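Colleague: This is the structure I have questions about; it appears just below.
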Amino acid sequence: MMSWFMRSACTLQLLVLILGSQFAMAEDLTGILMVEISGLKDASGNVYIAVYDSDSTWLSDEMVLNQKVDIADALDGDLVRTELLLPLGNYALSVFYDQDGDGELKTNFIGMPKEPIALSNNAVAKFGPPKYSDAVFSLGAQPIIQSLSIKAL
């Protein structure tokens with residue numbers, strides 16, 4: 001017959017095991033982000049999608065994901081479509097059409113893009129770069145679509 005102490009210890013170990021596995025499963029949950037980009041019907045080459053998860057890294061080189069998308073492979077009618085799998089959370093997107101094929105966004109002397117761009121929620125600049133708060137969206141368990149219009153500034 002098990003002592004009370006042994007039963008309590010076994011129960012506690014079981015509880016820790018169950019809670020630990022549920023926490024690990026919650027961290028592994030991913031959502032599907034479908035990105036649709038208009039304005040590239042007659043374009044060729046690539047678009048780059050940068051994914052950010054905080055205001056402090058917004059539009060910097062510290063992105064969660066930088067996805068290269070071949071326009072010819074992803075063109076569906078008038079839209080370039082792609083899917084991203086990301087952990088559940090809050091994100092903002094920055095997209096540019098790489099017109100010259102060098103893999104980098106060209107900017108002018110004050111930092112304004114010289115190649116066509118789009119941002120999540122179709123956020124627009126107002127006296128400087130768009131704010132993270134204007135571009136941020138929540139990715140949950142249900143798939144979501146970000147429909148972006150790419151434009152030259």
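Numbering starts fresh at 1 for the residues of each chain in the structure tokens, the chains themselves are lettered A, B, ... in the order given, and ligands are numbered from 1 as they appear.
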As a PDB file with N, CA and C atoms, in the first residue's frame, which residues of chain A does DSSP assign to strand (DSSP E or B)?
Modeller:
ATOM      1  N   THR A  30       0.396  27.040 -34.822  1.00  0.00           N
ATOM      2  CA  THR A  30       0.686  27.971 -35.906  1.00  0.00           C
ATOM      3  C   THR A  30      -0.602  28.353 -36.606  1.00  0.00           C
ATOM      4  N   GLY A  31      -0.564  29.521 -37.210  1.00  0.00           N
ATOM      5  CA  GLY A  31      -1.689  29.996 -37.988  1.00  0.00           C
ATOM      6  C   GLY A  31      -1.282  30.140 -39.439  1.00  0.00           C
ATOM      7  N   ILE A  32      -2.278  30.220 -40.295  1.00  0.00           N
ATOM      8  CA  ILE A  32      -2.033  30.382 -41.732  1.00  0.00           C
ATOM      9  C   ILE A  32      -2.375  31.810 -42.120  1.00  0.00           C
ATOM     10  N   LEU A  33      -1.382  32.481 -42.674  1.00  0.00           N
ATOM     11  CA  LEU A  33      -1.561  33.833 -43.188  1.00  0.00           C
ATOM     12  C   LEU A  33      -1.507  33.766 -44.707  1.00  0.00           C
ATOM     13  N   MET A  34      -2.617  34.091 -45.341  1.00  0.00           N
ATOM     14  CA  MET A  34      -2.656  34.131 -46.795  1.00  0.00           C
ATOM     15  C   MET A  34      -2.431  35.581 -47.222  1.00  0.00           C
ATOM     16  N   VAL A  35      -1.457  35.775 -48.094  1.00  0.00           N
ATOM     17  CA  VAL A  35      -1.118  37.115 -48.573  1.00  0.00           C
ATOM     18  C   VAL A  35      -1.498  37.193 -50.045  1.00  0.00           C
ATOM     19  N   GLU A  36      -2.312  38.208 -50.379  1.00  0.00           N
ATOM     20  CA  GLU A  36      -2.716  38.468 -51.760  1.00  0.00           C
ATOM     21  C   GLU A  36      -2.222  39.859 -52.127  1.00  0.00           C
ATOM     22  N   ILE A  37      -1.445  39.939 -53.205  1.00  0.00           N
ATOM     23  CA  ILE A  37      -0.858  41.214 -53.609  1.00  0.00           C
ATOM     24  C   ILE A  37      -1.372  41.580 -54.993  1.00  0.00           C
ATOM     25  N   SER A  38      -2.005  42.745 -55.084  1.00  0.00           N
ATOM     26  CA  SER A  38      -2.481  43.230 -56.384  1.00  0.00           C
ATOM     27  C   SER A  38      -1.487  44.261 -56.922  1.00  0.00           C
ATOM     28  N   ASN A  46      10.601  38.886 -58.539  1.00  0.00           N
ATOM     29  CA  ASN A  46      10.249  38.478 -57.178  1.00  0.00           C
ATOM     30  C   ASN A  46       9.686  39.623 -56.352  1.00  0.00           C
ATOM     31  N   VAL A  47       8.867  39.232 -55.382  1.00  0.00           N
ATOM     32  CA  VAL A  47       8.487  40.145 -54.303  1.00  0.00           C
ATOM     33  C   VAL A  47       9.065  39.552 -53.023  1.00  0.00           C
ATOM     34  N   TYR A  48       9.350  40.418 -52.076  1.00  0.00           N
ATOM     35  CA  TYR A  48       9.873  39.998 -50.778  1.00  0.00           C
ATOM     36  C   TYR A  48       8.886  40.428 -49.702  1.00  0.00           C
ATOM     37  N   ILE A  49       8.540  39.494 -48.838  1.00  0.00           N
ATOM     38  CA  ILE A  49       7.606  39.763 -47.749  1.00  0.00           C
ATOM     39  C   ILE A  49       8.379  39.671 -46.437  1.00  0.00           C
ATOM     40  N   ALA A  50       8.451  40.779 -45.720  1.00  0.00           N
ATOM     41  CA  ALA A  50       9.106  40.809 -44.410  1.00  0.00           C
ATOM     42  C   ALA A  50       8.017  40.798 -43.341  1.00  0.00           C
ATOM     43  N   VAL A  51       8.167  39.932 -42.344  1.00  0.00           N
ATOM     44  CA  VAL A  51       7.199  39.790 -41.262  1.00  0.00           C
ATOM     45  C   VAL A  51       7.838  40.286 -39.968  1.00  0.00           C
ATOM     46  N   TYR A  52       7.142  41.196 -39.289  1.00  0.00           N
ATOM     47  CA  TYR A  52       7.619  41.783 -38.031  1.00  0.00           C
ATOM     48  C   TYR A  52       6.627  41.461 -36.920  1.00  0.00           C
ATOM     49  N   LEU A  65      10.493  36.788 -40.340  1.00  0.00           N
ATOM     50  CA  LEU A  65      10.591  36.003 -41.566  1.00  0.00           C
ATOM     51  C   LEU A  65      10.787  36.953 -42.730  1.00  0.00           C
ATOM     52  N   ASN A  66      11.622  36.554 -43.679  1.00  0.00           N
ATOM     53  CA  ASN A  66      11.780  37.286 -44.928  1.00  0.00           C
ATOM     54  C   ASN A  66      11.564  36.276 -46.049  1.00  0.00           C
ATOM     55  N   GLN A  67      10.398  36.357 -46.688  1.00  0.00           N
ATOM     56  CA  GLN A  67       9.988  35.361 -47.680  1.00  0.00           C
ATOM     57  C   GLN A  67      10.116  35.916 -49.095  1.00  0.00           C
ATOM     58  N   LYS A  68      10.885  35.224 -49.926  1.00  0.00           N
ATOM     59  CA  LYS A  68      11.010  35.562 -51.350  1.00  0.00           C
ATOM     60  C   LYS A  68       9.927  34.803 -52.099  1.00  0.00           C
ATOM     61  N   VAL A  69       9.170  35.508 -52.939  1.00  0.00           N
ATOM     62  CA  VAL A  69       8.079  34.890 -53.694  1.00  0.00           C
ATOM     63  C   VAL A  69       8.293  35.171 -55.179  1.00  0.00           C
ATOM     64  N   ASP A  70       8.388  34.106 -55.969  1.00  0.00           N
ATOM     65  CA  ASP A  70       8.520  34.232 -57.422  1.00  0.00           C
ATOM     66  C   ASP A  70       7.147  34.597 -57.991  1.00  0.00           C
ATOM     67  N   LEU A  75       1.438  33.803 -59.340  1.00  0.00           N
ATOM     68  CA  LEU A  75       0.407  34.613 -59.992  1.00  0.00           C
ATOM     69  C   LEU A  75      -0.857  33.786 -60.208  1.00  0.00           C
ATOM     70  N   ASP A  76      -1.971  34.317 -59.714  1.00  0.00           N
ATOM     71  CA  ASP A  76      -3.278  33.672 -59.832  1.00  0.00           C
ATOM     72  C   ASP A  76      -4.244  34.743 -60.337  1.00  0.00           C
ATOM     73  N   LEU A  79      -3.711  38.478 -59.114  1.00  0.00           N
ATOM     74  CA  LEU A  79      -3.113  38.532 -57.775  1.00  0.00           C
ATOM     75  C   LEU A  79      -1.914  37.599 -57.651  1.00  0.00           C
ATOM     76  N   VAL A  80      -0.925  38.040 -56.888  1.00  0.00           N
ATOM     77  CA  VAL A  80       0.160  37.169 -56.457  1.00  0.00           C
ATOM     78  C   VAL A  80      -0.267  36.649 -55.086  1.00  0.00           C
ATOM     79  N   ARG A  81      -0.353  35.328 -54.956  1.00  0.00           N
ATOM     80  CA  ARG A  81      -0.836  34.715 -53.704  1.00  0.00           C
ATOM     81  C   ARG A  81       0.241  33.807 -53.115  1.00  0.00           C
ATOM     82  N   THR A  82       0.353  33.865 -51.803  1.00  0.00           N
ATOM     83  CA  THR A  82       1.240  32.962 -51.083  1.00  0.00           C
ATOM     84  C   THR A  82       0.698  32.754 -49.677  1.00  0.00           C
ATOM     85  N   GLU A  83       1.121  31.678 -49.040  1.00  0.00           N
ATOM     86  CA  GLU A  83       0.722  31.377 -47.666  1.00  0.00           C
ATOM     87  C   GLU A  83       1.953  31.318 -46.782  1.00  0.00           C
ATOM     88  N   LEU A  84       1.815  31.866 -45.587  1.00  0.00           N
ATOM     89  CA  LEU A  84       2.875  31.819 -44.587  1.00  0.00           C
ATOM     90  C   LEU A  84       2.348  31.109 -43.351  1.00  0.00           C
ATOM     91  N   LEU A  85       3.138  30.236 -42.776  1.00  0.00           N
ATOM     92  CA  LEU A  85       2.796  29.582 -41.516  1.00  0.00           C
ATOM     93  C   LEU A  85       3.599  30.261 -40.419  1.00  0.00           C
ATOM     94  N   LEU A  86       2.889  30.814 -39.438  1.00  0.00           N
ATOM     95  CA  LEU A  86       3.529  31.566 -38.363  1.00  0.00           C
ATOM     96  C   LEU A  86       2.934  31.172 -37.022  1.00  0.00           C
ATOM     97  N   PRO A  87       3.714  31.264 -35.946  1.00  0.00           N
ATOM     98  CA  PRO A  87       3.129  31.059 -34.619  1.00  0.00           C
ATOM     99  C   PRO A  87       2.008  32.081 -34.391  1.00  0.00           C
ATOM    100  N   GLY A  89      -0.039  35.045 -33.059  1.00  0.00           N
ATOM    101  CA  GLY A  89       0.461  36.284 -32.472  1.00  0.00           C
ATOM    102  C   GLY A  89       0.101  37.488 -33.307  1.00  0.00           C
ATOM    103  N   ASN A  90       0.739  38.611 -33.007  1.00  0.00           N
ATOM    104  CA  ASN A  90       0.519  39.873 -33.713  1.00  0.00           C
ATOM    105  C   ASN A  90       1.685  40.131 -34.663  1.00  0.00           C
ATOM    106  N   TYR A  91       1.351  40.529 -35.884  1.00  0.00           N
ATOM    107  CA  TYR A  91       2.357  40.736 -36.914  1.00  0.00           C
ATOM    108  C   TYR A  91       2.025  41.946 -37.776  1.00  0.00           C
ATOM    109  N   ALA A  92       3.040  42.420 -38.497  1.00  0.00           N
ATOM    110  CA  ALA A  92       2.876  43.437 -39.533  1.00  0.00           C
ATOM    111  C   ALA A  92       3.773  43.034 -40.699  1.00  0.00           C
ATOM    112  N   LEU A  93       3.326  43.342 -41.915  1.00  0.00           N
ATOM    113  CA  LEU A  93       4.058  42.960 -43.126  1.00  0.00           C
ATOM    114  C   LEU A  93       4.569  44.180 -43.870  1.00  0.00           C
ATOM    115  N   SER A  94       5.714  44.007 -44.466  1.00  0.00           N
ATOM    116  CA  SER A  94       6.271  44.970 -45.407  1.00  0.00           C
ATOM    117  C   SER A  94       6.651  44.179 -46.651  1.00  0.00           C
ATOM    118  N   VAL A  95       6.172  44.617 -47.812  1.00  0.00           N
ATOM    119  CA  VAL A  95       6.392  43.900 -49.066  1.00  0.00           C
ATOM    120  C   VAL A  95       7.006  44.860 -50.074  1.00  0.00           C
ATOM    121  N   PHE A  96       7.971  44.374 -50.855  1.00  0.00           N
ATOM    122  CA  PHE A  96       8.456  45.190 -51.965  1.00  0.00           C
ATOM    123  C   PHE A  96       8.652  44.338 -53.208  1.00  0.00           C
ATOM    124  N   TYR A  97       8.442  44.979 -54.356  1.00  0.00           N
ATOM    125  CA  TYR A  97       8.663  44.352 -55.654  1.00  0.00           C
ATOM    126  C   TYR A  97      10.082  44.687 -56.075  1.00  0.00           C
ATOM    127  N   ASP A  98      10.899  43.665 -56.229  1.00  0.00           N
ATOM    128  CA  ASP A  98      12.316  43.827 -56.557  1.00  0.00           C
ATOM    129  C   ASP A  98      12.469  44.020 -58.064  1.00  0.00           C
ATOM    130  N   THR A 107      16.306  52.670 -52.068  1.00  0.00           N
ATOM    131  CA  THR A 107      15.739  53.876 -51.461  1.00  0.00           C
ATOM    132  C   THR A 107      16.478  55.098 -51.985  1.00  0.00           C
ATOM    133  N   PRO A 113      11.362  54.573 -50.368  1.00  0.00           N
ATOM    134  CA  PRO A 113      11.515  53.479 -51.339  1.00  0.00           C
ATOM    135  C   PRO A 113      11.429  53.972 -52.785  1.00  0.00           C
ATOM    136  N   ILE A 117       6.062  49.234 -53.098  1.00  0.00           N
ATOM    137  CA  ILE A 117       5.916  48.598 -51.781  1.00  0.00           C
ATOM    138  C   ILE A 117       4.446  48.442 -51.413  1.00  0.00           C
ATOM    139  N   ALA A 118       4.214  47.626 -50.408  1.00  0.00           N
ATOM    140  CA  ALA A 118       2.892  47.468 -49.791  1.00  0.00           C
ATOM    141  C   ALA A 118       3.114  47.115 -48.333  1.00  0.00           C
ATOM    142  N   LEU A 119       2.153  47.479 -47.488  1.00  0.00           N
ATOM    143  CA  LEU A 119       2.209  47.167 -46.068  1.00  0.00           C
ATOM    144  C   LEU A 119       0.898  46.528 -45.640  1.00  0.00           C
ATOM    145  N   PHE A 137      -1.720  43.223 -37.235  1.00  0.00           N
ATOM    146  CA  PHE A 137      -2.933  42.400 -37.255  1.00  0.00           C
ATOM    147  C   PHE A 137      -2.673  41.185 -36.377  1.00  0.00           C
ATOM    148  N   SER A 138      -3.742  40.520 -35.982  1.00  0.00           N
ATOM    149  CA  SER A 138      -3.630  39.329 -35.128  1.00  0.00           C
ATOM    150  C   SER A 138      -3.839  38.071 -35.958  1.00  0.00           C
ATOM    151  N   LEU A 139      -2.927  37.129 -35.798  1.00  0.00           N
ATOM    152  CA  LEU A 139      -3.037  35.826 -36.443  1.00  0.00           C
ATOM    153  C   LEU A 139      -3.454  34.818 -35.388  1.00  0.00           C
ATOM    154  N   ILE A 144      -6.223  33.721 -42.001  1.00  0.00           N
ATOM    155  CA  ILE A 144      -6.637  35.082 -42.362  1.00  0.00           C
ATOM    156  C   ILE A 144      -5.981  35.479 -43.670  1.00  0.00           C
ATOM    157  N   ILE A 145      -6.555  36.485 -44.305  1.00  0.00           N
ATOM    158  CA  ILE A 145      -6.050  37.005 -45.577  1.00  0.00           C
ATOM    159  C   ILE A 145      -5.645  38.449 -45.389  1.00  0.00           C
ATOM    160  N   GLN A 146      -4.464  38.787 -45.846  1.00  0.00           N
ATOM    161  CA  GLN A 146      -4.024  40.173 -45.959  1.00  0.00           C
ATOM    162  C   GLN A 146      -4.011  40.489 -47.450  1.00  0.00           C
ATOM    163  N   SER A 147      -4.913  41.379 -47.883  1.00  0.00           N
ATOM    164  CA  SER A 147      -4.985  41.789 -49.286  1.00  0.00           C
ATOM    165  C   SER A 147      -4.278  43.125 -49.417  1.00  0.00           C
ATOM    166  N   LEU A 148      -3.151  43.115 -50.142  1.00  0.00           N
ATOM    167  CA  LEU A 148      -2.293  44.290 -50.242  1.00  0.00           C
ATOM    168  C   LEU A 148      -2.276  44.830 -51.664  1.00  0.00           C
ATOM    169  N   SER A 149      -2.202  46.151 -51.780  1.00  0.00           N
ATOM    170  CA  SER A 149      -2.047  46.822 -53.063  1.00  0.00           C
ATOM    171  C   SER A 149      -0.651  47.401 -53.134  1.00  0.00           C
ATOM    172  N   LYS A 151       2.337  49.561 -54.626  1.00  0.00           N
ATOM    173  CA  LYS A 151       2.391  50.814 -55.375  1.00  0.00           C
ATOM    174  C   LYS A 151       3.772  51.436 -55.263  1.00  0.00           C
TER     175      LYS A 151
END
Colleague: What is the CA of Pro116 (chain A)-CA of Leu59 (chain A) distance in Å, reported with one decimal?
Modeller: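 Interatomic distance, CA of Pro116 (chain A) to CA of Leu59 (chain A): 15.2 Å.
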Colleague: Show me, as a list in words, the residues that have an atom within 10 Å of Lys131 (chain A) when counting only C-alpha atoms, minus same-chain residues fewer than 4 positions from it.
Modeller: Asp55, Trp58, Leu59, Ala92, Ala123, Val124, Ala125, Lys126, Ala135 and Val136 of chain A
Colleague: Considering only C-alpha atoms, can you say which of A:Gly77, A:Ser54, A:Ile150, A:Asp28 comes closest to Ser133 (chain A)?
Modeller: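 Comparing A:Gly77, A:Ser54, A:Ile150, A:Asp28 against Ser133 (chain A), the winner is A:Ser54.
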Colleague: Give the answer as one residue: which of A:Glu115, A:Leu88, A:Val64, A:Leu40 has the shortest atom-to-atom distance to Asp100 (chain A), using only C-alpha atoms?
Modeller: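 Checking each candidate against Asp100 (chain A), we get A:Glu115 as the closest.
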Colleague: DSSP on the backbone: which residues in chain A end up as alpha helix (DSSP H)? Give the answer as a ChimeraX atom specification.
Modeller: /A:4-27,71-74,132-135
